[in-house]
Amino acid sequence: MDEAPGLTVQVSEGKERGGAAKSHEQWLTGAGLKATLPRVRILQHLKTAHDEQRHLGAEEIYARLYQAGERIGISTIYRVLLNLEQVGLVTRHQFSQGAVSRCVYELSFGERHDHMVCVETERVIEFRDPVIEARQEQIAQAHGYEVVGRELVIRVRRITP
């Protein structure tokens with residue numbers, strides 16, 4: 001995959017290899033799951049959050065569903081998120097700061113990326129930097145290893161003028 005050098009903060013849309021957009025139902029059936037109403041609705045809200053460059057916790061998903069008139073229980077949401085994670089449609093991130101831990105979810109499609117988490121607002125910012133990725137590869141190789149997975153989380157605070 002050819003990429004321009006430098007930092008980007010966008011991730012690609014959920015598409016099949018041929019470029020055609022996949023429906024939420026196709027994502028589910030392709031992963032071996034039935035396209036139930038709770039699964040479809042949760043995927044829809046995660047896709048919307050993806051488009052907004054946001055990550056959602058289960059409680060935020062519950063609130064969005066409730067505001068939309070959907071009455072899906074919080075235990076069902078947690079169960080669906082676990083199912084979606086197990087089949088690789090959703091990625092769970094646990095961001096901790098001291099004794100406080102926050103679990104958020106995002107769709108698993110798109111390019112690999114890293115995260116910055118604001119320590120004041122808990123906002124999650126996605127970014128991609130090929131220079132950082134290349135340096136991680138170099139460090140692993142210098143120690144006689146190869147990178148098989150990575151997760152970089154940078155805790156940040158907005159600079160006030």
# chains A, B, ... in the order shown; residues from 1 in each chain; ligands from 1
call {"tool": "residues_around", "arguments": {"residues": "Leu152 of chain A", "least_positions_apart": "6", "cutoff": "9 Å", "atoms": "only C-alpha atoms", "output": "JSON, numbers by chain"}}
result
{"A": [113, 114, 115, 116]}
call {"tool": "select_by_dssp", "arguments": {"residues": "segment 36-114 of chain A", "states": "strand (DSSP E)", "output": "list in words"}}
result
Val90, Thr91, Arg92, His93, Gln94, Phe95, Ser96, Gln97, Val100, Ser101, Arg102, Cys103, Val104, Tyr105, Glu106, Leu107 and Asp114 of chain A
call {"tool": "closest_residue", "arguments": {"among": "A:Ala63, A:Ala35, A:Val147, A:Leu46", "to": "Thr91 of chain A", "atoms": "only C-alpha atoms"}}
result
A:Leu46
call {"tool": "atom_distance", "arguments": {"atom1": "atom CA of Gly98 of chain A", "atom2": "atom CA of Ile125 of chain A"}}
result
19.6 Å
call {"tool": "closest_residue", "arguments": {"among": "A:Gly57, A:Pro161, A:Gly110, A:Pro38", "to": "Glu70 of chain A", "atoms": "only C-alpha atoms"}}
result
A:Pro38
call {"tool": "residues_around", "arguments": {"residues": "segment 118-124 of chain A", "least_positions_apart": "4", "cutoff": "9 Å", "atoms": "only C-alpha atoms", "output": "number ranges by chain"}}
result
A: 53-55, 95, 97, 102, 154-158
call {"tool": "write_last_selection", "arguments": {"atoms": "C-alpha atoms", "output": "tab-separated table (two decimals), in the first residue's frame"}}
result
chain	number	residue	atom	x	y	z
A	53	GLN	CA	-13.78	10.18	14.73
A	54	ARG	CA	-15.09	9.15	18.15
A	55	HIS	CA	-14.86	6.04	20.30
A	95	PHE	CA	-7.54	3.45	28.52
A	97	GLN	CA	-5.21	6.77	34.08
A	102	ARG	CA	-12.35	3.55	30.61
A	154	ILE	CA	-0.19	8.86	24.28
A	155	ARG	CA	-1.79	10.76	27.14
A	156	VAL	CA	-2.12	14.44	26.31
A	157	ARG	CA	-3.39	17.71	27.74
A	158	ARG	CA	-4.46	20.67	25.61
call {"tool": "residues_around", "arguments": {"residues": "Val80 of chain A", "least_positions_apart": "2", "cutoff": "8 Å", "atoms": "only C-alpha atoms", "output": "list in words"}}
result
Pro38, Arg39, Ile42, Thr76, Ile77, Tyr78, Leu82, Asn83 and Leu84 of chain A
call {"tool": "closest_residue", "arguments": {"among": "A:Glu151, A:Glu137, A:Glu146, A:Asp129", "to": "Arg92 of chain A", "atoms": "only C-alpha atoms"}}
result
A:Glu151
call {"tool": "closest_residue", "arguments": {"among": "A:Ile159, A:Leu56, A:Arg128, A:Gly30", "to": "Leu107 of chain A", "atoms": "only C-alpha atoms"}}
result
A:Leu56
call {"tool": "residues_around", "arguments": {"residues": "His93 of chain A", "least_positions_apart": "4", "cutoff": "7 Å", "atoms": "only C-alpha atoms", "output": "ChimeraX atom specification"}}
result
/A:103-105
call {"tool": "closest_residue", "arguments": {"among": "A:Arg150, A:Gln94, A:Ala58, A:Gly144", "to": "Ile132 of chain A", "atoms": "only C-alpha atoms"}}
result
A:Arg150
call {"tool": "closest_residue", "arguments": {"among": "A:Ala140, A:Glu106, A:Ile72, A:Ser96", "to": "Glu52 of chain A", "atoms": "only C-alpha atoms"}}
result
A:Glu106
